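A.B. asks: As input, take query_3.txt (compact mmCIF, C-alpha atoms and all ligand atoms):
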# COMPACT_ATOMS: atom_id res chain seq x y z
CA MET D 768 150.21 186.37 32.53
CA ALA D 769 153.74 186.40 33.88
CA SER D 770 155.21 188.11 30.83
CA VAL D 771 153.23 191.33 31.22
CA ARG D 772 154.02 191.75 34.88
CA PRO D 773 156.81 194.14 35.75
CA ARG D 774 159.96 192.35 36.77
CA ALA D 775 161.23 192.65 40.33
CA LEU D 776 164.50 191.37 41.72
CA SER D 777 166.19 191.33 45.08
CA GLY D 778 169.10 189.64 46.80
CA ILE D 779 169.46 188.42 50.35
CA GLN D 780 172.81 187.82 52.03
CA PRO D 781 173.23 184.36 53.56
CA THR D 782 175.32 185.68 56.42
CA ALA D 783 172.89 186.17 59.27
CA GLY D 784 171.78 182.66 60.25
CA SER D 785 168.32 183.29 61.62
CA PHE D 786 166.21 186.05 60.12
CA HIS D 787 165.00 188.54 62.70
CA LEU D 788 161.64 190.21 63.13
CA GLY D 789 162.95 193.44 61.56
CA ASN D 790 164.06 191.67 58.33
CA TYR D 791 160.83 189.76 58.17
CA LEU D 792 158.36 192.58 58.78
CA GLY D 793 160.45 195.14 56.89
CA ALA D 794 161.58 193.37 53.74
CA ILE D 795 160.68 189.72 53.44
CA ARG D 796 156.94 190.17 53.75
CA GLN D 797 157.21 192.60 50.89
CA TYR D 798 158.97 190.00 48.75
CA VAL D 799 156.09 187.66 49.45
CA ALA D 800 153.54 190.31 48.45
CA LEU D 801 155.40 191.17 45.23
CA GLN D 802 154.97 187.60 43.96
CA GLU D 803 151.34 188.48 43.29
CA THR D 804 151.94 191.58 41.21
CA HIS D 805 155.40 191.10 39.72
CA ASP D 806 157.49 188.58 37.86
CA ALA D 807 159.74 188.30 40.89
CA PHE D 808 163.31 186.94 41.09
CA TYR D 809 164.87 186.40 44.50
CA MET D 810 168.35 185.13 45.05
CA VAL D 811 170.59 184.29 47.93
CA VAL D 812 173.75 186.25 47.17
CA ASP D 813 176.51 183.87 48.20
CA LEU D 814 179.06 185.56 45.92
CA HIS D 815 178.48 188.79 47.81
CA ALA D 816 178.89 186.95 51.10
CA ILE D 817 182.52 186.08 50.31
CA THR D 818 183.52 189.74 50.05
CA VAL D 819 184.26 189.45 53.77
CA PRO D 820 186.03 186.41 55.27
CA GLN D 821 183.77 183.37 55.52
CA ASP D 822 183.83 179.92 57.06
CA PRO D 823 183.11 177.52 54.16
CA ALA D 824 180.91 175.09 56.12
CA GLU D 825 179.00 177.95 57.68
CA LEU D 826 178.41 179.67 54.34
CA ARG D 827 177.06 176.46 52.82
CA ALA D 828 174.76 175.86 55.81
CA ASN D 829 173.60 179.49 55.93
CA THR D 830 172.79 179.45 52.23
CA ARG D 831 170.40 176.52 52.72
CA LEU D 832 169.10 178.12 55.91
CA ALA D 833 168.32 181.38 54.10
CA VAL D 834 166.44 179.50 51.38
CA ALA D 835 164.50 177.46 53.96
CA GLN D 836 163.47 180.63 55.80
CA LEU D 837 162.42 182.37 52.58
CA LEU D 838 160.22 179.40 51.74
CA ALA D 839 158.88 179.32 55.30
CA SER D 840 158.06 183.02 54.93
CA GLY D 841 155.82 182.27 51.97
CA LEU D 842 157.96 182.58 48.86
CA ASP D 843 156.39 180.09 46.51
CA PRO D 844 158.65 178.57 43.84
CA ASP D 845 155.63 178.32 41.53
CA ARG D 846 155.01 182.04 41.76
CA CYS D 847 158.53 183.44 41.86
CA THR D 848 162.02 182.43 40.82
CA LEU D 849 164.13 181.56 43.85
CA PHE D 850 167.78 180.69 43.32
CA VAL D 851 171.34 180.91 44.55
CA GLN D 852 173.52 183.52 42.86
CA SER D 853 176.55 181.25 42.29
CA HIS D 854 174.34 178.73 40.46
CA VAL D 855 174.01 181.25 37.66
CA PRO D 856 177.52 181.95 36.33
CA GLU D 857 176.31 184.91 34.28
CA HIS D 858 176.45 187.07 37.44
CA ALA D 859 180.22 186.87 37.64
CA GLN D 860 180.50 187.22 33.86
CA LEU D 861 178.42 190.38 33.54
CA GLY D 862 180.04 191.60 36.75
CA TRP D 863 183.37 191.69 34.92
CA VAL D 864 181.91 193.68 32.04
CA MET D 865 180.43 196.15 34.53
CA ASN D 866 183.79 196.43 36.33
CA CYS D 867 185.24 197.60 33.05
CA LEU D 868 182.59 200.32 32.72
CA THR D 869 182.89 201.69 36.26
CA GLY D 870 185.24 204.52 37.10
CA PHE D 871 187.67 203.90 39.93
CA GLY D 872 186.62 207.17 41.55
CA GLU D 873 182.97 206.31 41.07
CA ALA D 874 183.41 203.01 42.92
CA SER D 875 185.45 204.77 45.62
CA ARG D 876 182.47 206.95 46.48
CA MET D 877 180.28 204.04 47.63
CA THR D 878 179.58 204.76 51.27
CA GLN D 879 178.83 201.16 52.22
CA PHE D 880 182.31 200.18 51.04
CA LYS D 881 183.82 202.98 53.08
CA ASP D 882 181.96 201.82 56.19
CA LYS D 883 182.67 198.15 55.72
CA SER D 884 186.33 198.59 54.80
CA ALA D 885 186.85 200.90 57.79
CA LYS D 886 185.50 198.13 60.01
CA GLN D 887 187.85 195.55 58.48
CA GLY D 888 190.90 197.77 58.45
CA ALA D 889 192.18 199.17 55.15
CA ASP D 890 194.75 196.39 54.66
CA ARG D 891 192.23 193.61 55.17
CA ALA D 892 189.47 194.88 52.89
CA THR D 893 189.54 193.00 49.58
CA VAL D 894 189.12 194.12 46.00
CA GLY D 895 185.96 191.99 46.04
CA LEU D 896 184.50 194.18 48.77
CA PHE D 897 185.42 197.21 46.66
CA THR D 898 183.61 195.88 43.60
CA TYR D 899 180.66 194.47 45.59
CA PRO D 900 178.26 197.14 44.28
CA ILE D 901 179.29 196.39 40.70
CA LEU D 902 178.38 192.72 41.09
CA GLN D 903 175.05 193.93 42.45
CA VAL D 904 174.62 196.03 39.30
CA ALA D 905 175.11 192.88 37.22
CA ASP D 906 172.59 191.01 39.40
CA ILE D 907 169.92 193.56 38.59
CA LEU D 908 170.68 194.24 34.93
CA LEU D 909 170.84 190.56 33.93
CA TYR D 910 167.12 190.26 34.68
CA GLN D 911 166.08 193.60 33.19
CA ALA D 912 164.49 194.33 36.56
CA GLU D 913 162.26 197.38 36.86
CA ALA D 914 161.68 197.25 40.60
CA VAL D 915 164.32 196.48 43.18
CA PRO D 916 162.80 196.12 46.65
CA VAL D 917 165.59 197.01 49.06
CA GLY D 918 166.06 199.11 52.16
CA GLU D 919 167.23 202.69 52.25
CA ASP D 920 170.86 201.58 52.80
CA GLN D 921 170.95 200.23 49.24
CA ARG D 922 169.88 203.45 47.53
CA GLN D 923 173.36 204.37 46.34
CA HIS D 924 173.86 200.93 44.79
CA ILE D 925 170.61 201.29 42.85
CA GLU D 926 171.72 204.72 41.63
CA LEU D 927 174.97 203.14 40.44
CA THR D 928 172.92 200.50 38.63
CA ARG D 929 170.97 203.20 36.84
CA ASP D 930 174.14 205.08 35.89
CA LEU D 931 175.84 201.98 34.50
CA ALA D 932 172.75 200.82 32.61
CA GLU D 933 172.48 204.24 30.99
CA ARG D 934 176.19 204.35 30.23
CA PHE D 935 176.10 200.93 28.60
CA ASN D 936 172.99 201.78 26.60
CA THR D 937 174.48 205.07 25.40
CA ARG D 938 177.78 203.54 24.34
CA PHE D 939 176.61 200.26 22.89
CA GLY D 940 172.91 200.66 22.12
CA ALA D 941 169.77 199.98 24.15
CA THR D 942 170.43 196.76 26.04
CA PHE D 943 169.45 197.08 29.67
CA THR D 944 166.31 198.18 31.49
CA VAL D 945 167.08 201.08 33.81
CA PRO D 946 165.59 200.03 37.17
CA ALA D 947 163.07 202.27 38.93
CA PRO D 948 164.80 205.09 40.83
CA HIS D 949 162.42 204.77 43.73
CA ILE D 950 163.25 202.32 46.42
CA VAL D 951 160.27 200.41 47.65
CA LYS D 952 159.63 201.76 51.10
CA GLU D 953 159.85 199.40 53.97
CA VAL D 954 156.37 198.49 55.07
CA ALA D 955 157.29 198.65 58.70
CA LYS D 956 160.40 199.78 60.45
CA ILE D 957 161.02 197.68 63.53
CA TYR D 958 163.26 198.91 66.33
CA ASP D 959 165.43 197.22 68.93
CA LEU D 960 163.38 196.13 71.95
CA GLN D 961 165.99 197.40 74.38
CA ASP D 962 166.95 200.52 72.44
CA PRO D 963 163.80 201.54 70.55
CA THR D 964 165.51 204.45 68.81
CA SER D 965 167.81 202.21 66.75
CA LYS D 966 166.71 199.79 64.07
CA MET D 967 166.45 196.12 65.00
CA SER D 968 169.66 194.57 63.69
CA LYS D 969 171.76 191.49 64.24
CA SER D 970 174.59 193.72 65.45
CA ALA D 971 172.41 194.91 68.35
CA SER D 972 174.27 195.85 71.51
CA THR D 973 172.33 193.27 73.52
CA PRO D 974 170.66 190.08 72.26
CA LYS D 975 167.65 190.98 74.40
CA GLY D 976 166.68 193.66 71.90
CA LEU D 977 166.70 191.31 68.92
CA VAL D 978 163.95 188.81 68.07
CA ASN D 979 165.44 185.99 65.99
CA LEU D 980 162.69 184.05 64.28
CA LEU D 981 164.43 180.74 64.91
CA ASP D 982 164.96 181.29 68.64
CA GLU D 983 163.14 179.18 71.18
CA PRO D 984 159.63 180.75 71.31
CA LYS D 985 159.85 180.97 75.11
CA THR D 986 162.96 183.14 74.82
CA THR D 987 161.16 185.35 72.33
CA ALA D 988 158.12 185.77 74.57
CA LYS D 989 160.40 186.83 77.39
CA LYS D 990 162.15 189.40 75.20
CA ILE D 991 158.81 190.95 74.24
CA ARG D 992 157.65 191.04 77.85
CA SER D 993 160.85 192.76 78.96
CA ALA D 994 160.92 195.31 76.14
CA VAL D 995 161.96 198.79 77.23
CA THR D 996 159.07 201.25 77.49
CA ASP D 997 158.70 204.63 79.21
CA THR D 998 157.64 205.71 82.68
CA GLY D 999 154.17 206.76 81.53
CA THR D 1000 151.02 204.66 81.68
CA VAL D 1001 149.07 205.58 78.55
CA ILE D 1002 149.27 203.32 75.51
CA SER D 1003 149.46 205.60 72.50
CA PHE D 1004 151.41 205.84 69.26
CA ASP D 1005 154.12 208.46 69.63
CA PRO D 1006 157.47 207.35 68.15
CA VAL D 1007 159.32 210.28 69.75
CA GLU D 1008 158.02 210.31 73.32
CA LYS D 1009 156.98 206.66 73.46
CA ALA D 1010 159.40 204.90 71.15
CA GLY D 1011 159.16 201.55 72.95
CA ILE D 1012 155.38 201.37 73.10
CA SER D 1013 155.10 202.61 69.52
CA ASN D 1014 157.46 199.88 68.36
CA LEU D 1015 155.36 197.23 70.12
CA LEU D 1016 152.23 198.65 68.50
CA THR D 1017 153.89 198.53 65.07
CA ILE D 1018 154.89 194.89 65.54
CA TYR D 1019 151.39 194.08 66.80
CA ALA D 1020 149.68 195.84 63.89
CA THR D 1021 151.94 194.35 61.25
CA LEU D 1022 151.64 190.78 62.50
CA THR D 1023 147.86 190.90 62.91
CA GLY D 1024 146.95 193.15 59.99
CA ARG D 1025 145.08 195.46 62.37
CA SER D 1026 145.46 199.22 62.39
CA ILE D 1027 147.34 201.11 65.08
CA PRO D 1028 144.41 203.44 65.96
CA GLU D 1029 142.22 200.38 66.43
CA LEU D 1030 144.76 198.85 68.79
CA VAL D 1031 145.20 202.08 70.73
CA LYS D 1032 141.46 202.16 71.25
CA GLU D 1033 141.36 198.56 72.36
CA TYR D 1034 144.09 199.13 74.96
CA GLU D 1035 142.67 202.37 76.30
CA GLY D 1036 142.89 202.39 80.08
CA ARG D 1037 144.94 199.20 80.20
CA MET D 1038 148.50 198.76 81.37
CA TYR D 1039 151.70 198.30 79.39
CA GLY D 1040 151.95 194.78 80.78
CA ALA D 1041 148.68 193.76 79.12
CA LEU D 1042 149.92 194.90 75.73
CA LYS D 1043 153.21 193.07 76.20
CA THR D 1044 151.57 189.83 77.32
CA ASP D 1045 149.19 189.82 74.35
CA LEU D 1046 151.93 190.70 71.88
CA ALA D 1047 154.22 188.01 73.27
CA GLU D 1048 151.49 185.49 72.51
CA ILE D 1049 150.97 186.84 68.99
CA VAL D 1050 154.68 186.68 68.25
CA VAL D 1051 154.92 183.14 69.63
CA ASP D 1052 151.97 182.09 67.46
CA PHE D 1053 153.84 183.44 64.48
CA VAL D 1054 157.35 182.11 65.16
CA THR D 1055 156.30 178.62 66.25
CA PRO D 1056 154.99 177.48 62.84
CA PHE D 1057 157.70 179.53 61.10
CA ARG D 1058 160.39 177.50 62.87
CA GLU D 1059 158.59 174.27 62.10
CA ARG D 1060 158.30 175.08 58.41
CA THR D 1061 161.95 176.11 58.24
CA GLN D 1062 163.01 172.90 59.98
CA ALA D 1063 160.89 170.81 57.60
CA TYR D 1064 162.76 172.28 54.62
CA LEU D 1065 166.11 171.73 56.32
CA ASP D 1066 165.16 168.12 57.07
CA ASP D 1067 164.46 167.53 53.39
CA PRO D 1068 167.51 168.86 51.53
CA GLU D 1069 166.54 166.96 48.38
CA THR D 1070 163.35 168.97 47.97
CA LEU D 1071 165.16 172.16 48.81
CA ASP D 1072 167.91 171.46 46.29
CA SER D 1073 165.44 170.59 43.57
CA ILE D 1074 163.59 173.87 44.17
CA LEU D 1075 166.93 175.64 43.76
CA ALA D 1076 167.80 173.65 40.64
CA LYS D 1077 164.52 174.71 39.02
CA GLY D 1078 165.05 178.29 40.13
CA ALA D 1079 168.56 178.39 38.68
CA GLU D 1080 167.31 176.99 35.40
CA LYS D 1081 164.59 179.65 35.12
CA ALA D 1082 167.01 182.39 36.13
CA ARG D 1083 169.68 181.22 33.70
CA ALA D 1084 167.35 181.33 30.76
CA VAL D 1085 166.87 185.06 31.34
CA ALA D 1086 170.42 185.84 32.42
CA ALA D 1087 172.08 184.02 29.53
CA GLU D 1088 170.12 186.02 26.99
CA SER D 1089 171.08 189.35 28.56
CA LEU D 1090 174.72 188.32 28.80
CA ALA D 1091 174.87 187.14 25.19
CA THR D 1092 173.44 190.44 23.99
CA ALA D 1093 175.86 192.42 26.16
CA TYR D 1094 178.88 190.38 24.97
CA ASP D 1095 177.86 190.90 21.39
CA ARG D 1096 177.26 194.65 21.79
CA ILE D 1097 180.67 195.27 23.33
CA GLY D 1098 182.40 193.41 20.51
CA LEU D 1099 183.40 190.06 21.99
CA LEU D 1100 183.82 187.49 19.24
CA PRO D 1101 181.08 184.85 19.58
CA ALA D 1102 182.28 181.31 20.21
CA LYS D 1103 181.11 178.84 17.55
CA HIS D 1104 179.65 175.60 18.88
N1 LIG K 1201 173.56 194.42 48.69
C1 LIG K 1201 172.28 193.88 49.05
C2 LIG K 1201 172.15 193.96 50.59
O1 LIG K 1201 173.11 193.92 51.29
C3 LIG K 1201 172.10 192.46 48.61
C4 LIG K 1201 172.04 192.35 47.12
C5 LIG K 1201 172.95 191.77 46.28
C6 LIG K 1201 170.99 192.82 46.30
N2 LIG K 1201 172.54 191.83 45.00
C7 LIG K 1201 171.34 192.47 44.97
C8 LIG K 1201 169.81 193.51 46.54
C9 LIG K 1201 170.52 192.81 43.90
C10 LIG K 1201 168.98 193.84 45.47
C11 LIG K 1201 169.34 193.50 44.15
O2 LIG K 1201 171.06 194.00 51.09
Could you express the structure from this file as structure tokens?
C.D. replies:
Amino acid sequence: MASVRPRALSGIQPTAGSFHLGNYLGAIRQYVALQETHDAFYMVVDLHAITVPQDPAELRANTRLAVAQLLASGLDPDRCTLFVQSHVPEHAQLGWVMNCLTGFGEASRMTQFKDKSAKQGADRATVGLFTYPILQVADILLYQAEAVPVGEDQRQHIELTRDLAERFNTRFGATFTVPAPHIVKEVAKIYDLQDPTSKMSKSASTPKGLVNLLDEPKTTAKKIRSAVTDTGTVISFDPVEKAGISNLLTIYATLTGRSIPELVKEYEGRMYGALKTDLAEIVVDFVTPFRERTQAYLDDPETLDSILAKGAEKARAVAAESLATAYDRIGLLPAKH
């Protein structure tokens, strides 16, 4: 029964265009798995996306593209709640309340803001970018989420969420669930194919190190086959001495569900090229239907939009209740209808 399952919630930025293999194997597969054990809410965080300058047409297209890829990855609207953040106005509304509970110094200590605002230049960074983590707090608290599956880079924002939930509860009475302090560990950390000591990321120094799921499969196969390895000849798992080969083994194991020791045994005495050729084929067999499924959702915007309409309705039912309680607890006069 859905009601006894612990609630999970996560948000995905619609800024990247194509998902890459690192996102997929690291985070998205975990979202898919959590549908089975949790009452899971997943949203595309378009309000967070506008904290840095956006192109309106691109944002709209990328929002649909993110949803299509999440569905293609296996999120099932009958088993989770999938929606777009701006379709649920309670996010902005509780965000304001949380802004009024957050200390200026407390917000100033968020390291992601410091990094992002340094990149933009101090004069360009907006107040929205500054309060980004506080909107994220509202995202989580509205759903009384217990588990928040995110990467290590979001740890500080989850800590802020815990602090603000506790502060609210102490001042105004028990209202919000304090989300689990632990961050769900990434199932697999995937590294850049050309620089296997840094995480695969869309800001990679060369596109050859990054596998975009929506790329032409032929391009992807070529990237796998030209992945950087070492000058040795033995295929073994050693992330320090053999970062490249180890990364390929991780991708191989994660995509096939086989264990790394089993693969190492299978490739004993064989050359790096054999591993690369086989892996290229495995990756192509994965991305080809993924692209087709994504395209099918994009070709049918009516279905996609109706999935989102249902998701927003389910999300709003939960969010509206939390917001109404919070408004009441802090002393806002209820509007009479
Ligand atoms: N800040 C998160 C990221 O960049 C995205 C996000 C927004 C989020 N709201 C959230 C994640 C709520 C988890 C829960 O990855």
A.B. asks: With all atoms listed in the file as the counted atoms, please give the residues lying no more than 6 Å from Lys990 (chain D), apart from itself and same-chain residues fewer than 3 positions off, as a ChimeraX atom specification.
C.D. replies: /D:975,987,993
A.B. asks: Give me the residues near Thr830 (chain D) as a PyMOL selection string, where near means some atom within 7 Å (using only C-alpha atoms) and where sequence neighbours in that chain fewer than 3 positions away do not count.
C.D. replies: chain D and resi 781+811+826-827+833-834
A.B. asks: Just how far from CA of Ile957 (chain D) is CA of Met810 (chain D), in Å to one decimal?
C.D. replies: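 Rounded to one decimal, the two atoms are 23.5 Å apart.
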A.B. asks: Extract, using all atoms listed in the file, all DNA, RNA and protein residues at most 12 Å from Ile1027 (chain D), discarding same-chain residues fewer than 3 positions from it, and format them as a ChimeraX atom specification.
C.D. replies: /D:1002-1005,1012-1024,1030-1034
A.B. asks: Using all atoms listed in the file, find each residue of chain D with at least one atom at most 10 Å away from an atom of ligand LIG 1201 (chain K); report its shortest atom-to-atom pair and that distance in Å (one decimal), sort the rows by chain and rising residue number, and return the result as JSON lines.
C.D. replies:
{"residue": "D:Ala775", "atom": "CA", "partner": "K:LIG1201", "partner_atom": "C11", "distance": 9.0}
{"residue": "D:Leu776", "atom": "CA", "partner": "K:LIG1201", "partner_atom": "C11", "distance": 5.8}
{"residue": "D:Ser777", "atom": "CA", "partner": "K:LIG1201", "partner_atom": "C10", "distance": 3.8}
{"residue": "D:Gly778", "atom": "CA", "partner": "K:LIG1201", "partner_atom": "C6", "distance": 3.7}
{"residue": "D:Ile779", "atom": "CA", "partner": "K:LIG1201", "partner_atom": "C3", "distance": 5.1}
{"residue": "D:Gln780", "atom": "CA", "partner": "K:LIG1201", "partner_atom": "C3", "distance": 5.8}
{"residue": "D:Pro781", "atom": "CA", "partner": "K:LIG1201", "partner_atom": "C3", "distance": 9.6}
{"residue": "D:Thr782", "atom": "CA", "partner": "K:LIG1201", "partner_atom": "O1", "distance": 10.0}
{"residue": "D:Ala794", "atom": "CA", "partner": "K:LIG1201", "partner_atom": "O2", "distance": 9.9}
{"residue": "D:Phe808", "atom": "CA", "partner": "K:LIG1201", "partner_atom": "C11", "distance": 9.4}
{"residue": "D:Tyr809", "atom": "CA", "partner": "K:LIG1201", "partner_atom": "C11", "distance": 8.4}
{"residue": "D:Met810", "atom": "CA", "partner": "K:LIG1201", "partner_atom": "N2", "distance": 7.9}
{"residue": "D:Val811", "atom": "CA", "partner": "K:LIG1201", "partner_atom": "C5", "distance": 8.0}
{"residue": "D:Val812", "atom": "CA", "partner": "K:LIG1201", "partner_atom": "C5", "distance": 5.6}
{"residue": "D:Asp813", "atom": "CA", "partner": "K:LIG1201", "partner_atom": "C5", "distance": 8.9}
{"residue": "D:Leu814", "atom": "CA", "partner": "K:LIG1201", "partner_atom": "C5", "distance": 8.7}
{"residue": "D:His815", "atom": "CA", "partner": "K:LIG1201", "partner_atom": "C5", "distance": 6.5}
{"residue": "D:Ala816", "atom": "CA", "partner": "K:LIG1201", "partner_atom": "C5", "distance": 9.0}
{"residue": "D:Gln852", "atom": "CA", "partner": "K:LIG1201", "partner_atom": "N2", "distance": 8.6}
{"residue": "D:His858", "atom": "CA", "partner": "K:LIG1201", "partner_atom": "N2", "distance": 9.8}
{"residue": "D:Gln879", "atom": "CA", "partner": "K:LIG1201", "partner_atom": "N1", "distance": 9.3}
{"residue": "D:Tyr899", "atom": "CA", "partner": "K:LIG1201", "partner_atom": "N1", "distance": 7.7}
{"residue": "D:Pro900", "atom": "CA", "partner": "K:LIG1201", "partner_atom": "N1", "distance": 7.0}
{"residue": "D:Ile901", "atom": "CA", "partner": "K:LIG1201", "partner_atom": "N2", "distance": 9.2}
{"residue": "D:Leu902", "atom": "CA", "partner": "K:LIG1201", "partner_atom": "N2", "distance": 7.1}
{"residue": "D:Gln903", "atom": "CA", "partner": "K:LIG1201", "partner_atom": "N2", "distance": 4.1}
{"residue": "D:Val904", "atom": "CA", "partner": "K:LIG1201", "partner_atom": "C9", "distance": 7.0}
{"residue": "D:Ala905", "atom": "CA", "partner": "K:LIG1201", "partner_atom": "C9", "distance": 8.1}
{"residue": "D:Asp906", "atom": "CA", "partner": "K:LIG1201", "partner_atom": "C9", "distance": 5.3}
{"residue": "D:Ile907", "atom": "CA", "partner": "K:LIG1201", "partner_atom": "C9", "distance": 5.4}
{"residue": "D:Leu908", "atom": "CA", "partner": "K:LIG1201", "partner_atom": "C9", "distance": 9.1}
{"residue": "D:Ala912", "atom": "CA", "partner": "K:LIG1201", "partner_atom": "C11", "distance": 9.0}
{"residue": "D:Ala914", "atom": "CA", "partner": "K:LIG1201", "partner_atom": "C11", "distance": 9.2}
{"residue": "D:Val915", "atom": "CA", "partner": "K:LIG1201", "partner_atom": "C10", "distance": 5.8}
{"residue": "D:Pro916", "atom": "CA", "partner": "K:LIG1201", "partner_atom": "C10", "distance": 6.7}
{"residue": "D:Val917", "atom": "CA", "partner": "K:LIG1201", "partner_atom": "C10", "distance": 5.9}
{"residue": "D:Gly918", "atom": "CA", "partner": "K:LIG1201", "partner_atom": "O2", "distance": 7.2}
{"residue": "D:Glu919", "atom": "CA", "partner": "K:LIG1201", "partner_atom": "O2", "distance": 9.6}
{"residue": "D:Asp920", "atom": "CA", "partner": "K:LIG1201", "partner_atom": "O2", "distance": 7.8}
{"residue": "D:Gln921", "atom": "CA", "partner": "K:LIG1201", "partner_atom": "N1", "distance": 6.4}
{"residue": "D:Arg922", "atom": "CA", "partner": "K:LIG1201", "partner_atom": "N1", "distance": 9.8}
{"residue": "D:His924", "atom": "CA", "partner": "K:LIG1201", "partner_atom": "N1", "distance": 7.6}
{"residue": "D:Ile925", "atom": "CA", "partner": "K:LIG1201", "partner_atom": "C11", "distance": 8.0}
{"residue": "D:Thr928", "atom": "CA", "partner": "K:LIG1201", "partner_atom": "C11", "distance": 9.6}
A.B. asks: Keeping C-alpha atoms for every residue in the selection just given, could you write it to a file as a PDB file, in the coordinates of the input?
C.D. replies:
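Saved to part05.pdb:
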ATOM      1  CA  ALA D 775     161.230 192.650  40.330  1.00  0.00           C
ATOM      2  CA  LEU D 776     164.500 191.370  41.720  1.00  0.00           C
ATOM      3  CA  SER D 777     166.190 191.330  45.080  1.00  0.00           C
ATOM      4  CA  GLY D 778     169.100 189.640  46.800  1.00  0.00           C
ATOM      5  CA  ILE D 779     169.460 188.420  50.350  1.00  0.00           C
ATOM      6  CA  GLN D 780     172.810 187.820  52.030  1.00  0.00           C
ATOM      7  CA  PRO D 781     173.230 184.360  53.560  1.00  0.00           C
ATOM      8  CA  THR D 782     175.320 185.680  56.420  1.00  0.00           C
ATOM      9  CA  ALA D 794     161.580 193.370  53.740  1.00  0.00           C
ATOM     10  CA  PHE D 808     163.310 186.940  41.090  1.00  0.00           C
ATOM     11  CA  TYR D 809     164.870 186.400  44.500  1.00  0.00           C
ATOM     12  CA  MET D 810     168.350 185.130  45.050  1.00  0.00           C
ATOM     13  CA  VAL D 811     170.590 184.290  47.930  1.00  0.00           C
ATOM     14  CA  VAL D 812     173.750 186.250  47.170  1.00  0.00           C
ATOM     15  CA  ASP D 813     176.510 183.870  48.200  1.00  0.00           C
ATOM     16  CA  LEU D 814     179.060 185.560  45.920  1.00  0.00           C
ATOM     17  CA  HIS D 815     178.480 188.790  47.810  1.00  0.00           C
ATOM     18  CA  ALA D 816     178.890 186.950  51.100  1.00  0.00           C
ATOM     19  CA  GLN D 852     173.520 183.520  42.860  1.00  0.00           C
ATOM     20  CA  HIS D 858     176.450 187.070  37.440  1.00  0.00           C
ATOM     21  CA  GLN D 879     178.830 201.160  52.220  1.00  0.00           C
ATOM     22  CA  TYR D 899     180.660 194.470  45.590  1.00  0.00           C
ATOM     23  CA  PRO D 900     178.260 197.140  44.280  1.00  0.00           C
ATOM     24  CA  ILE D 901     179.290 196.390  40.700  1.00  0.00           C
ATOM     25  CA  LEU D 902     178.380 192.720  41.090  1.00  0.00           C
ATOM     26  CA  GLN D 903     175.050 193.930  42.450  1.00  0.00           C
ATOM     27  CA  VAL D 904     174.620 196.030  39.300  1.00  0.00           C
ATOM     28  CA  ALA D 905     175.110 192.880  37.220  1.00  0.00           C
ATOM     29  CA  ASP D 906     172.590 191.010  39.400  1.00  0.00           C
ATOM     30  CA  ILE D 907     169.920 193.560  38.590  1.00  0.00           C
ATOM     31  CA  LEU D 908     170.680 194.240  34.930  1.00  0.00           C
ATOM     32  CA  ALA D 912     164.490 194.330  36.560  1.00  0.00           C
ATOM     33  CA  ALA D 914     161.680 197.250  40.600  1.00  0.00           C
ATOM     34  CA  VAL D 915     164.320 196.480  43.180  1.00  0.00           C
ATOM     35  CA  PRO D 916     162.800 196.120  46.650  1.00  0.00           C
ATOM     36  CA  VAL D 917     165.590 197.010  49.060  1.00  0.00           C
ATOM     37  CA  GLY D 918     166.060 199.110  52.160  1.00  0.00           C
ATOM     38  CA  GLU D 919     167.230 202.690  52.250  1.00  0.00           C
ATOM     39  CA  ASP D 920     170.860 201.580  52.800  1.00  0.00           C
ATOM     40  CA  GLN D 921     170.950 200.230  49.240  1.00  0.00           C
ATOM     41  CA  ARG D 922     169.880 203.450  47.530  1.00  0.00           C
ATOM     42  CA  HIS D 924     173.860 200.930  44.790  1.00  0.00           C
ATOM     43  CA  ILE D 925     170.610 201.290  42.850  1.00  0.00           C
ATOM     44  CA  THR D 928     172.920 200.500  38.630  1.00  0.00           C
TER      45      THR D 928
END
A.B. asks: Which is closest to Phe897 (chain D) among D:Met967, D:Ala988, D:Ala1082, D:Val819, if we use all atoms listed in the file?
C.D. replies: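 Looking only at the distances to Phe897 (chain D), the closest residue turns out to be D:Val819.
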A.B. asks: From the options D:Leu838, D:Phe880, D:Arg1096, D:Val1051, which residue's atoms come nearest to Thr986 (chain D), counting all atoms listed in the file?
C.D. replies: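 When distances to Thr986 (chain D) are compared using all atoms listed in the file, the smallest one comes from D:Val1051.
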A.B. asks: Closest to Val864 (chain D) among D:Ser968, D:Thr898, D:Glu1035, D:Val995, using all atoms listed in the file?
C.D. replies: D:Thr898
A.B. asks: Would you list the contacts of His805 (chain D) as a short mmCIF file (atom, residue, chain, number, x, y, z; two decimals) with C-alpha atoms, in the coordinates of the input, taking every protein, DNA or RNA residue within 6 Å and counting only C-alpha atoms, but skipping same-chain residues closer than 5 positions in sequence?
C.D. replies:
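What landed in part39.cif:
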data_model
loop_
_atom_site.label_atom_id
_atom_site.label_comp_id
_atom_site.auth_asym_id
_atom_site.auth_seq_id
_atom_site.Cartn_x
_atom_site.Cartn_y
_atom_site.Cartn_z
CA ARG D 772 154.02 191.75 34.88
CA PRO D 773 156.81 194.14 35.75
CA ARG D 774 159.96 192.35 36.77
#
A.B. asks: Take CA of Pro984 (chain D) and CA of Glu1059 (chain D) and report the distance between them in Å, one decimal.
C.D. replies: 11.3 Å
A.B. asks: For a quick check of understanding, using all atoms listed in the file, which of D:Arg796, D:Ala1041, D:Arg934, D:Lys1081 has the smallest distance to Cys867 (chain D)?
C.D. replies: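 Result for the nearest residue to Cys867 (chain D): D:Arg934.
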A.B. asks: Residues within 8 Å of Asp962 (chain D), please, as a compact mmCIF listing (two decimals) with C-alpha atoms, keeping the file's coordinate frame. Count all atoms listed in the file; anything in the same chain fewer than 2 positions from it doesn't count.
C.D. replies:
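As written to disk, result02.txt reads:
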# COMPACT_ATOMS: atom_id res chain seq x y z
CA TYR D 958 163.26 198.91 66.33
CA ASP D 959 165.43 197.22 68.93
CA LEU D 960 163.38 196.13 71.95
CA THR D 964 165.51 204.45 68.81
CA SER D 965 167.81 202.21 66.75
CA GLY D 976 166.68 193.66 71.90
CA VAL D 995 161.96 198.79 77.23
CA GLY D 1011 159.16 201.55 72.95
